[in-house]
>>> print(open('my_file-v6.pdb').read())   # PDB, C-alpha atoms
MODEL        1
ATOM      1  CA  MET A   1       0.000   0.000   0.000
ATOM      2  CA  ASN A   2       2.780   2.483   0.918
ATOM      3  CA  LYS A   3       4.651   1.860  -2.345
ATOM      4  CA  VAL A   4       1.473   2.493  -4.329
ATOM      5  CA  LEU A   5       0.864   5.734  -2.464
ATOM      6  CA  GLU A   6       4.424   6.870  -3.086
ATOM      7  CA  LYS A   7       3.939   6.203  -6.791
ATOM      8  CA  ILE A   8       0.747   8.282  -6.750
ATOM      9  CA  HIS A   9       2.544  11.120  -4.980
ATOM     10  CA  ARG A  10       5.259  11.160  -7.636
ATOM     11  CA  LYS A  11       2.623  11.380 -10.361
ATOM     12  CA  LEU A  12       0.882  14.341  -8.743
ATOM     13  CA  THR A  13       2.639  17.686  -8.811
ATOM     14  CA  ALA A  14       0.645  19.104  -5.883
ATOM     15  CA  GLY A  15       2.624  17.123  -3.277
ATOM     16  CA  PRO A  16       1.352  14.580  -0.729
ATOM     17  CA  ALA A  17      -2.108  14.007  -2.176
ATOM     18  CA  LEU A  18      -3.268  11.606   0.529
ATOM     19  CA  SER A  19      -2.675  14.098   3.324
ATOM     20  CA  GLU A  20      -4.276  16.902   1.341
ATOM     21  CA  LEU A  21      -7.407  14.894   0.538
ATOM     22  CA  GLY A  22      -7.719  13.342   3.994
ATOM     23  CA  GLU A  23      -7.181  16.471   6.047
ATOM     24  CA  LYS A  24      -8.655  19.296   3.972
ATOM     25  CA  LEU A  25     -11.751  17.701   2.428
ATOM     26  CA  SER A  26     -14.931  16.871   4.343
ATOM     27  CA  LEU A  27     -16.437  13.431   3.761
ATOM     28  CA  SER A  28     -19.109  14.867   1.475
ATOM     29  CA  GLU A  29     -16.479  16.796  -0.523
ATOM     30  CA  LEU A  30     -14.362  13.667  -0.811
ATOM     31  CA  ASN A  31     -17.399  11.723  -2.057
ATOM     32  CA  THR A  32     -18.027  14.344  -4.733
ATOM     33  CA  PHE A  33     -14.383  14.221  -5.766
ATOM     34  CA  LEU A  34     -14.347  10.397  -5.977
ATOM     35  CA  LEU A  35     -17.649  10.229  -7.869
ATOM     36  CA  GLU A  36     -16.273  12.513 -10.552
ATOM     37  CA  LEU A  37     -12.969  10.626 -10.589
ATOM     38  CA  PHE A  38     -14.735   7.274 -11.058
ATOM     39  CA  ARG A  39     -16.988   8.741 -13.741
ATOM     40  CA  ARG A  40     -13.969   9.856 -15.723
ATOM     41  CA  LYS A  41     -12.234   6.505 -15.254
ATOM     42  CA  ALA A  42     -15.380   4.629 -16.368
ATOM     43  CA  GLU A  43     -15.422   6.586 -19.635
ATOM     44  CA  HIS A  44     -12.204   4.819 -20.671
ATOM     45  CA  ILE A  45     -13.290   1.236 -19.880
ATOM     46  CA  LYS A  46     -13.610  -0.881 -23.011
ATOM     47  CA  PRO A  47     -15.978  -3.879 -23.285
ATOM     48  CA  ALA A  48     -13.030  -6.258 -23.699
ATOM     49  CA  HIS A  49     -11.482  -4.934 -20.480
ATOM     50  CA  LEU A  50     -14.814  -5.313 -18.687
ATOM     51  CA  LEU A  51     -15.087  -8.953 -19.730
ATOM     52  CA  ARG A  52     -11.503  -9.618 -18.646
ATOM     53  CA  GLN A  53     -12.190  -8.070 -15.243
ATOM     54  CA  PHE A  54     -15.261 -10.260 -14.793
ATOM     55  CA  GLY A  55     -13.068 -13.314 -15.245
ATOM     56  CA  GLU A  56     -10.136 -12.122 -13.128
ATOM     57  CA  ASN A  57     -11.532 -10.018 -10.270
ATOM     58  CA  ARG A  58     -12.146 -12.260  -7.262
ATOM     59  CA  PHE A  59     -14.752  -9.869  -5.852
ATOM     60  CA  VAL A  60     -17.171 -10.378  -8.770
ATOM     61  CA  THR A  61     -16.777 -14.088  -9.574
ATOM     62  CA  PRO A  62     -20.047 -16.004  -8.973
ATOM     63  CA  ALA A  63     -20.054 -18.461  -6.079
ATOM     64  CA  SER A  64     -19.616 -22.166  -6.799
ATOM     65  CA  VAL A  65     -22.667 -23.373  -4.856
ATOM     66  CA  ASP A  66     -25.998 -25.042  -5.528
ATOM     67  CA  THR A  67     -27.967 -21.796  -5.570
ATOM     68  CA  LEU A  68     -31.448 -23.202  -4.967
ATOM     69  CA  ALA A  69     -30.283 -25.514  -2.178
ATOM     70  CA  LEU A  70     -28.423 -22.670  -0.451
ATOM     71  CA  ARG A  71     -31.455 -20.390  -0.732
ATOM     72  CA  GLN A  72     -33.644 -23.123   0.763
ATOM     73  CA  THR A  73     -31.247 -23.493   3.677
ATOM     74  CA  GLU A  74     -31.320 -19.740   4.262
ATOM     75  CA  LEU A  75     -35.128 -19.781   4.297
ATOM     76  CA  ASP A  76     -35.302 -22.781   6.634
ATOM     77  CA  TRP A  77     -32.832 -21.254   9.085
ATOM     78  CA  LEU A  78     -34.560 -17.866   9.145
ATOM     79  CA  LYS A  79     -37.918 -19.533   9.756
ATOM     80  CA  TYR A  80     -36.466 -21.446  12.681
ATOM     81  CA  ALA A  81     -34.864 -18.307  14.112
ATOM     82  CA  GLN A  82     -38.209 -16.526  13.874
ATOM     83  CA  GLU A  83     -39.843 -19.366  15.809
ATOM     84  CA  GLN A  84     -37.256 -18.668  18.531
ATOM     85  CA  TYR A  85     -38.242 -14.941  18.581
ATOM     86  CA  PHE A  86     -35.366 -13.622  16.450
ATOM     87  CA  HIS A  87     -36.931 -11.304  13.879
ATOM     88  CA  PRO A  88     -35.516 -11.838  10.349
ATOM     89  CA  LEU A  89     -34.204  -8.750   8.566
ATOM     90  CA  THR A  90     -33.263  -8.181   4.930
ATOM     91  CA  LEU A  91     -30.214  -5.946   5.068
ATOM     92  CA  SER A  92     -28.891  -3.558   2.471
ATOM     93  CA  PRO A  93     -25.754  -4.631   0.573
ATOM     94  CA  LEU A  94     -24.202  -1.406   1.893
ATOM     95  CA  ALA A  95     -23.422  -0.122   5.376
ATOM     96  CA  PRO A  96     -22.547   3.329   6.692
ATOM     97  CA  PHE A  97     -18.875   4.099   6.141
ATOM     98  CA  GLY A  98     -16.899   2.917   9.184
ATOM     99  CA  ALA A  99     -19.565   0.437  10.316
ATOM    100  CA  CYS A 100     -16.883  -2.090  11.270
ATOM    101  CA  SER A 101     -13.770  -0.043  11.966
ATOM    102  CA  ALA A 102     -15.529   2.492  14.222
ATOM    103  CA  ILE A 103     -16.877  -0.085  16.687
ATOM    104  CA  GLY A 104     -15.451  -3.495  15.787
ATOM    105  CA  HIS A 105     -11.641  -3.060  15.854
ATOM    106  CA  VAL A 106     -11.408  -3.950  12.141
ATOM    107  CA  ASP A 107      -8.888  -2.472   9.705
ATOM    108  CA  GLN A 108     -10.706  -0.460   7.037
ATOM    109  CA  ASN A 109      -8.343  -1.940   4.427
ATOM    110  CA  ASN A 110     -10.081  -5.307   4.948
ATOM    111  CA  ILE A 111     -13.379  -3.750   3.874
ATOM    112  CA  LEU A 112     -14.531  -2.575   0.452
ATOM    113  CA  SER A 113     -15.019   1.150   0.981
ATOM    114  CA  ALA A 114     -17.490   2.863  -1.337
ATOM    115  CA  VAL A 115     -18.670   6.374  -2.155
ATOM    116  CA  ARG A 116     -21.659   8.309  -0.810
ATOM    117  CA  GLY A 117     -20.606   7.608   2.771
ATOM    118  CA  THR A 118     -20.944   3.833   2.495
ATOM    119  CA  GLU A 119     -18.993   0.583   2.457
ATOM    120  CA  VAL A 120     -19.891  -2.916   1.297
ATOM    121  CA  VAL A 121     -21.199  -5.019   4.192
ATOM    122  CA  SER A 122     -18.415  -7.239   5.518
ATOM    123  CA  ASP A 123     -20.091  -8.223   8.802
ATOM    124  CA  ALA A 124     -23.858  -8.151   9.133
ATOM    125  CA  THR A 125     -23.724  -8.294  12.942
ATOM    126  CA  ASN A 126     -22.400  -4.729  12.923
ATOM    127  CA  ILE A 127     -25.521  -3.684  11.024
ATOM    128  CA  LEU A 128     -27.771  -5.589  13.429
ATOM    129  CA  ALA A 129     -26.009  -3.718  16.242
ATOM    130  CA  LEU A 130     -26.913  -0.412  14.584
ATOM    131  CA  GLN A 131     -30.518  -1.570  14.224
ATOM    132  CA  ILE A 132     -30.695  -2.575  17.887
ATOM    133  CA  ALA A 133     -29.142   0.715  19.014
ATOM    134  CA  GLN A 134     -31.682   2.619  16.930
ATOM    135  CA  GLU A 135     -34.575   0.581  18.366
ATOM    136  CA  THR A 136     -33.255   1.037  21.905
ATOM    137  CA  LYS A 137     -33.146   4.831  21.522
ATOM    138  CA  ALA A 138     -36.764   4.802  20.356
ATOM    139  CA  THR A 139     -38.171   2.957  23.391
ATOM    140  CA  ARG A 140     -38.188   3.570  27.122
ATOM    141  CA  ASP A 141     -38.874  -0.057  27.995
ATOM    142  CA  LYS A 142     -35.857  -1.172  30.027
ATOM    143  CA  ASP A 143     -37.052  -4.793  29.914
ATOM    144  CA  ALA A 144     -37.156  -4.989  26.118
ATOM    145  CA  ILE A 145     -34.742  -7.352  24.388
ATOM    146  CA  PHE A 146     -34.398  -6.823  20.646
ATOM    147  CA  ARG A 147     -33.537  -9.976  18.716
ATOM    148  CA  TYR A 148     -32.667 -10.042  15.007
ATOM    149  CA  ALA A 149     -31.467 -12.655  12.532
ATOM    150  CA  ALA A 150     -30.209 -12.293   8.972
ATOM    151  CA  THR A 151     -28.567 -14.139   6.147
ATOM    152  CA  HIS A 152     -26.193 -12.052   4.105
ATOM    153  CA  ARG A 153     -23.485 -12.337   1.491
ATOM    154  CA  HIS A 154     -20.371 -10.875   3.065
ATOM    155  CA  VAL A 155     -17.524  -9.334   1.092
ATOM    156  CA  ARG A 156     -14.048  -9.240   2.637
ATOM    157  CA  GLY A 157     -10.978  -7.449   1.332
ATOM    158  CA  GLN A 158      -8.341  -9.911   2.594
ATOM    159  CA  ALA A 159      -6.630 -12.087   0.005
ATOM    160  CA  PHE A 160      -6.101 -15.730   0.978
ATOM    161  CA  ASP A 161      -3.921 -18.426  -0.582
ATOM    162  CA  ASN A 162      -6.492 -21.104   0.258
ATOM    163  CA  PRO A 163      -8.906 -21.352  -2.717
ATOM    164  CA  ASN A 164     -11.700 -22.358  -0.308
ATOM    165  CA  PHE A 165     -11.568 -18.859   1.244
ATOM    166  CA  THR A 166     -13.465 -16.747  -1.260
ATOM    167  CA  ALA A 167     -13.868 -12.973  -1.365
ATOM    168  CA  HIS A 168     -17.624 -13.246  -0.823
ATOM    169  CA  PHE A 169     -19.599 -15.878   1.074
ATOM    170  CA  SER A 170     -22.977 -16.428   2.708
ATOM    171  CA  ILE A 171     -23.438 -16.264   6.482
ATOM    172  CA  PHE A 172     -26.265 -16.611   8.989
ATOM    173  CA  CYS A 173     -26.044 -14.309  11.981
ATOM    174  CA  MET A 174     -28.007 -13.155  15.011
ATOM    175  CA  ALA A 175     -27.814 -10.300  17.480
ATOM    176  CA  SER A 176     -29.728  -9.544  20.655
ATOM    177  CA  GLY A 177     -29.578  -6.407  22.744
ATOM    178  CA  GLY A 178     -31.016  -5.266  26.063
ATOM    179  CA  TRP A 179     -30.174  -3.582  29.333
ATOM    180  CA  ASP A 180     -27.984  -5.061  32.055
ATOM    181  CA  MET A 181     -30.054  -7.363  34.290
ATOM    182  CA  GLY A 182     -27.395  -7.854  36.946
ATOM    183  CA  ASN A 183     -25.442 -10.987  37.853
ATOM    184  CA  TYR A 184     -24.683 -11.623  34.142
ATOM    185  CA  ALA A 185     -28.287 -12.716  33.590
ATOM    186  CA  PHE A 186     -28.515 -11.135  30.121
ATOM    187  CA  GLU A 187     -25.205 -12.561  28.922
ATOM    188  CA  LEU A 188     -25.971 -16.083  30.194
ATOM    189  CA  GLY A 189     -29.496 -16.060  28.792
ATOM    190  CA  GLN A 190     -28.384 -14.915  25.350
ATOM    191  CA  LEU A 191     -25.400 -17.265  25.293
ATOM    192  CA  ASN A 192     -27.863 -20.102  25.881
ATOM    193  CA  GLU A 193     -30.370 -18.830  23.291
ATOM    194  CA  HIS A 194     -27.798 -18.322  20.533
ATOM    195  CA  LEU A 195     -26.041 -21.633  21.178
ATOM    196  CA  SER A 196     -29.327 -23.552  21.370
ATOM    197  CA  ILE A 197     -30.415 -22.210  17.977
ATOM    198  CA  PHE A 198     -27.027 -22.836  16.377
ATOM    199  CA  LEU A 199     -26.838 -26.404  17.616
ATOM    200  CA  ALA A 200     -30.380 -27.145  16.461
ATOM    201  CA  LEU A 201     -29.539 -25.828  12.984
ATOM    202  CA  LEU A 202     -26.199 -27.620  12.748
ATOM    203  CA  ARG A 203     -27.775 -30.935  13.782
ATOM    204  CA  ARG A 204     -29.822 -30.736  10.585
ATOM    205  CA  HIS A 205     -26.601 -31.107   8.609
ATOM    206  CA  PHE A 206     -24.190 -33.089  10.793
ATOM    207  CA  PRO A 207     -24.341 -35.927  13.344
ATOM    208  CA  GLU A 208     -24.473 -34.531  16.878
ATOM    209  CA  GLU A 209     -21.542 -36.663  18.006
ATOM    210  CA  ARG A 210     -19.286 -34.747  15.627
ATOM    211  CA  LEU A 211     -20.108 -31.351  17.182
ATOM    212  CA  SER A 212     -18.357 -29.805  20.178
ATOM    213  CA  ILE A 213     -18.111 -26.395  21.859
ATOM    214  CA  ARG A 214     -15.041 -24.488  22.976
ATOM    215  CA  PHE A 215     -15.313 -21.447  25.245
ATOM    216  CA  TYR A 216     -12.511 -18.868  25.179
ATOM    217  CA  ARG A 217     -12.061 -16.965  28.438
ATOM    218  CA  LYS A 218     -11.336 -13.263  28.137
ATOM    219  CA  LYS A 219      -9.803 -10.896  30.669
ATOM    220  CA  ASN A 220     -11.558 -10.459  34.040
ATOM    221  CA  ALA A 221     -14.088 -13.200  33.244
ATOM    222  CA  GLN A 222     -13.622 -15.515  36.247
ATOM    223  CA  ILE A 223     -16.917 -14.592  37.929
ATOM    224  CA  PHE A 224     -18.795 -15.043  34.667
ATOM    225  CA  PHE A 225     -17.384 -18.544  34.263
ATOM    226  CA  GLU A 226     -18.469 -19.412  37.788
ATOM    227  CA  ARG A 227     -21.981 -18.320  36.784
ATOM    228  CA  MET A 228     -21.737 -20.506  33.678
ATOM    229  CA  LYS A 229     -21.032 -23.558  35.821
ATOM    230  CA  GLU A 230     -24.041 -22.758  38.004
ATOM    231  CA  TYR A 231     -26.323 -22.149  34.986
ATOM    232  CA  LYS A 232     -27.783 -25.647  34.861
ATOM    233  CA  GLN A 233     -30.149 -24.960  31.932
ATOM    234  CA  GLY A 234     -27.174 -24.136  29.696
ATOM    235  CA  VAL A 235     -27.297 -26.243  26.545
ATOM    236  CA  TRP A 236     -23.518 -26.735  26.736
ATOM    237  CA  HIS A 237     -23.942 -29.093  29.716
ATOM    238  CA  SER A 238     -25.533 -31.682  27.417
ATOM    239  CA  MET A 239     -22.590 -32.078  25.015
ATOM    240  CA  PRO A 240     -18.763 -32.017  24.902
ATOM    241  CA  PHE A 241     -17.264 -28.629  25.742
ATOM    242  CA  GLU A 242     -14.009 -27.207  27.043
ATOM    243  CA  PHE A 243     -12.546 -23.925  28.278
ATOM    244  CA  GLN A 244      -9.458 -22.194  26.931
ATOM    245  CA  ASP A 245      -7.841 -18.873  27.865
ATOM    246  CA  ASP A 246      -7.713 -16.181  25.169
ATOM    247  CA  LEU A 247      -6.465 -12.991  26.791
ATOM    248  CA  GLU A 248      -5.026 -11.270  23.719
ATOM    249  CA  HIS A 249      -7.970 -10.871  21.345
ATOM    250  CA  GLU A 250     -10.440  -8.231  22.529
ATOM    251  CA  TYR A 251     -13.113  -8.477  19.824
ATOM    252  CA  TYR A 252     -15.456 -10.137  22.328
ATOM    253  CA  GLY A 253     -15.824  -9.390  26.018
ATOM    254  CA  LEU A 254     -15.990 -12.011  28.805
ATOM    255  CA  ILE A 255     -16.288 -14.990  26.491
ATOM    256  CA  GLN A 256     -16.241 -16.267  22.942
ATOM    257  CA  PHE A 257     -17.854 -19.546  21.971
ATOM    258  CA  LYS A 258     -17.006 -21.624  18.915
ATOM    259  CA  VAL A 259     -18.807 -24.688  17.600
ATOM    260  CA  PHE A 260     -16.487 -27.209  15.963
ATOM    261  CA  LEU A 261     -17.167 -30.030  13.537
ATOM    262  CA  ARG A 262     -14.905 -33.075  13.814
ATOM    263  CA  LEU A 263     -13.617 -34.198  10.433
ATOM    264  CA  GLU A 264     -11.679 -37.292   9.439
ATOM    265  CA  ASP A 265      -8.402 -35.346   9.490
ATOM    266  CA  GLY A 266      -9.030 -32.772  12.221
ATOM    267  CA  GLU A 267     -11.695 -30.216  13.054
ATOM    268  CA  ILE A 268     -13.122 -26.985  11.681
ATOM    269  CA  ASP A 269     -15.007 -24.191  13.444
ATOM    270  CA  LEU A 270     -18.404 -23.488  11.929
ATOM    271  CA  ALA A 271     -19.816 -20.840  14.249
ATOM    272  CA  ASP A 272     -18.831 -18.362  16.910
ATOM    273  CA  GLY A 273     -20.276 -15.628  19.065
ATOM    274  CA  GLY A 274     -20.118 -13.656  22.281
ATOM    275  CA  PRO A 275     -20.859 -10.333  23.970
ATOM    276  CA  VAL A 276     -19.470  -7.110  22.469
ATOM    277  CA  ASP A 277     -19.504  -3.467  23.574
ATOM    278  CA  TRP A 278     -20.741  -1.991  20.289
ATOM    279  CA  THR A 279     -24.128  -0.702  21.487
ATOM    280  CA  GLN A 280     -22.497   0.691  24.620
ATOM    281  CA  ARG A 281     -20.367   2.836  22.353
ATOM    282  CA  LEU A 282     -23.200   3.670  19.951
ATOM    283  CA  LEU A 283     -25.518   4.703  22.802
ATOM    284  CA  SER A 284     -22.791   6.120  25.078
ATOM    285  CA  ASN A 285     -24.189   3.968  27.886
ATOM    286  CA  LYS A 286     -22.169   1.200  29.558
ATOM    287  CA  LYS A 287     -25.304  -0.455  30.960
ATOM    288  CA  HIS A 288     -26.440  -1.720  27.572
ATOM    289  CA  ARG A 289     -25.619  -5.262  26.509
ATOM    290  CA  LEU A 290     -25.221  -6.842  23.056
ATOM    291  CA  PHE A 291     -24.676 -10.476  22.130
ATOM    292  CA  ILE A 292     -23.780 -11.444  18.545
ATOM    293  CA  SER A 293     -23.145 -14.710  16.726
ATOM    294  CA  GLY A 294     -22.627 -16.056  13.233
ATOM    295  CA  ILE A 295     -22.384 -19.285  11.241
ATOM    296  CA  GLY A 296     -20.572 -19.779   7.956
ATOM    297  CA  LEU A 297     -23.752 -20.812   6.146
ATOM    298  CA  GLU A 298     -22.037 -21.500   2.841
ATOM    299  CA  LEU A 299     -19.345 -23.552   4.587
ATOM    300  CA  VAL A 300     -21.999 -25.597   6.405
ATOM    301  CA  HIS A 301     -23.832 -26.133   3.127
ATOM    302  CA  LYS A 302     -20.687 -27.396   1.349
ATOM    303  CA  LEU A 303     -19.551 -29.601   4.234
ATOM    304  CA  GLY A 304     -23.097 -30.897   4.691
ATOM    305  CA  GLU A 305     -23.195 -32.051   1.088
ATOM    306  CA  ASP A 306     -19.969 -33.988   1.667
ATOM    307  CA  ALA A 307     -21.377 -35.432   4.892
ATOM    308  CA  ASN A 308     -24.517 -36.624   3.089
ATOM    309  CA  ILE A 309     -22.347 -38.467   0.569
ATOM    310  CA  GLN A 310     -20.341 -40.094   3.371
ATOM    311  CA  LYS A 311     -23.481 -41.144   5.266
ATOM    312  CA  ASN A 312     -24.191 -43.662   2.533
ATOM    313  CA  THR A 313     -20.997 -45.586   3.347
ATOM    314  CA  ASP A 314     -20.083 -44.552   6.899
ATOM    315  CA  ASN A 315     -22.138 -44.592  10.081
ATOM    316  CA  TYR A 316     -19.782 -42.079  11.757
ATOM    317  CA  GLY A 317     -19.049 -44.618  14.465
TER     318      GLY A 317
ENDMDL
END
>>> encode(input="my_file-v6.pdb", output="structure tokens")
Amino acid sequence: MNKVLEKIHRKLTAGPALSELGEKLSLSELNTFLLELFRRKAEHIKPAHLLRQFGENRFVTPASVDTLALRQTELDWLKYAQEQYFHPLTLSPLAPFGACSAIGHVDQNNILSAVRGTEVVSDATNILALQIAQETKATRDKDAIFRYAATHRHVRGQAFDNPNFTAHFSIFCMASGGWDMGNYAFELGQLNEHLSIFLALLRRHFPEERLSIRFYRKKNAQIFFERMKEYKQGVWHSMPFEFQDDLEHEYYGLIQFKVFLRLEDGEIDLADGGPVDWTQRLLSNKKHRLFISGIGLELVHKLGEDANIQKNTDNYG
């Protein structure tokens, strides 16, 4: 990135263009500038170049999935989430600019920034957090818990060597927000709700004996983990689970859960979730609580197809 910027600076006679644009232009002025710049660039695009880009640009290549089967899975999962009181939402392909980096500790370079104050959605849970914060501001009911679910095609800017890691992919995610109930009651209740739904959905695709849960302890979470042990209705007590310390990564607070699928040659994590402080920051109120979670829906769909083939010759014993 730095070498590219240096090359741009050498081309421009006005000096350090990045500093000039970033410091002296408002966001709306920058949008106007970029819109005109892109318009001029688009005037020079030839049809042959367009076709070549469609074949080479990893961000625009169609997904290699069974489209109808994936859509049916999305519909089935959203219906089940609605039965569990998580309201399905159809999100825009775009988010407000900074939707991830401003609250989620994500580098903006890993996101496809756009014009008109937007970016391409790279994590739908950030958008559900904005929705919950907006709903919370509009109500005075301190007992209200807002629950939302969505399926969305995420776009990520990172480039991976593994061909299975594509630039865009389908996910299923949920978010629930409410006010602090004391004694970690909100966090425990939502941990149980999210995990219960995830496990019910994953059991539709994989044998239960191949699923396990791993909880990652965050800083200052000892009391919370004592509450987890006392929380007898927790779905995790009915299946294999383990604890592991994770004190470095601060994306989640208190805890992060992951659901793993055991494969013939190892394991792979299909889902994760935990509490985050995003609505606290959006509402400027540390008493608000938000719990988010997500499943790699497209990954589950692909692995599930493989599992269905293996079921014909293997009883998973």
>>> residues_around(input="my_file-v6.pdb", residues="Asp141 of chain A", least_positions_apart="5", cutoff="12 Å", atoms="all atoms listed in the file", output="short mmCIF file (atom, residue, chain, number, x, y, z; two decimals) with C-alpha atoms, in the coordinates of the input")
data_model
loop_
_atom_site.label_atom_id
_atom_site.label_comp_id
_atom_site.auth_asym_id
_atom_site.auth_seq_id
_atom_site.Cartn_x
_atom_site.Cartn_y
_atom_site.Cartn_z
CA GLU A 135 -34.58 0.58 18.37
CA THR A 136 -33.26 1.04 21.90
CA PHE A 146 -34.40 -6.82 20.65
CA GLY A 178 -31.02 -5.27 26.06
CA TRP A 179 -30.17 -3.58 29.33
#
>>> residues_around(input="my_file-v6.pdb", residues="Asp245 of chain A", least_positions_apart="2", cutoff="9 Å", atoms="only C-alpha atoms", output="list in words")
Phe215, Tyr216, Arg217, Lys218, Lys219, Phe243 and Leu247 of chain A
>>> resolve_selection(input="my_file-v6.pdb", expression="the PyMOL selection byres ((chain A and resi 149) around 6)", output="PDB file with C-alpha atoms, in the coordinates of the input")
ATOM      1  CA  PHE A  86     -35.366 -13.622  16.450  1.00  0.00           C
ATOM      2  CA  HIS A  87     -36.931 -11.304  13.879  1.00  0.00           C
ATOM      3  CA  PRO A  88     -35.516 -11.838  10.349  1.00  0.00           C
ATOM      4  CA  TYR A 148     -32.667 -10.042  15.007  1.00  0.00           C
ATOM      5  CA  ALA A 150     -30.209 -12.293   8.972  1.00  0.00           C
ATOM      6  CA  CYS A 173     -26.044 -14.309  11.981  1.00  0.00           C
ATOM      7  CA  MET A 174     -28.007 -13.155  15.011  1.00  0.00           C
TER       8      MET A 174
END
>>> resolve_selection(input="my_file-v6.pdb", expression="the PyMOL selection byres ((chain A and resi 55-61) around 12)", output="list in words")
Ala48, His49, Leu50, Leu51, Arg52, Gln53, Phe54, Pro62, Ala63, Ser64, Val65, Ile111, Leu112, Val120, Arg153, His154, Val155, Arg156, Gly157, Gln158, Ala159, Phe160, Pro163, Phe165, Thr166, Ala167, His168 and Phe169 of chain A
>>> residues_around(input="my_file-v6.pdb", residues="segment 275-288 of chain A", least_positions_apart="6", cutoff="10 Å", atoms="only C-alpha atoms", output="number ranges by chain")
A: 100, 102-104, 126, 129-134, 136-137, 142, 175-182, 186-188, 190-191, 250-257
>>> resolve_selection(input="my_file-v6.pdb", expression="the PyMOL selection byres ((chain A and resi 68-76) around 9)", output="PyMOL selection string")
chain A and resi 65-67+77-81+150-151+170-172+297-298+301
>>> residues_around(input="my_file-v6.pdb", residues="Asp272 of chain A", least_positions_apart="6", cutoff="10 Å", atoms="only C-alpha atoms", output="JSON, numbers by chain")
{"A": [173, 194, 195, 198, 213, 214, 215, 256, 257, 258, 259, 260, 292, 293, 294, 295, 296]}
>>> atom_distance(input="my_file-v6.pdb", atom1="atom CA of Ala114 of chain A", atom2="atom CA of Ala138 of chain A")
29.1 Å
>>> atom_distance(input="my_file-v6.pdb", atom1="atom CA of Asn183 of chain A", atom2="atom CA of Glu230 of chain A")
11.9 Å
>>> atom_distance(input="my_file-v6.pdb", atom1="atom CA of Met239 of chain A", atom2="atom CA of Ser212 of chain A")
6.8 Å
>>> residues_around(input="my_file-v6.pdb", residues="segment 22-27 of chain A", least_positions_apart="3", cutoff="10 Å", atoms="all atoms listed in the file", output="list in words")
Ala17, Leu18, Ser19, Leu30, Asn31, Thr32, Phe33, Phe97, Val115, Arg116 and Gly117 of chain A
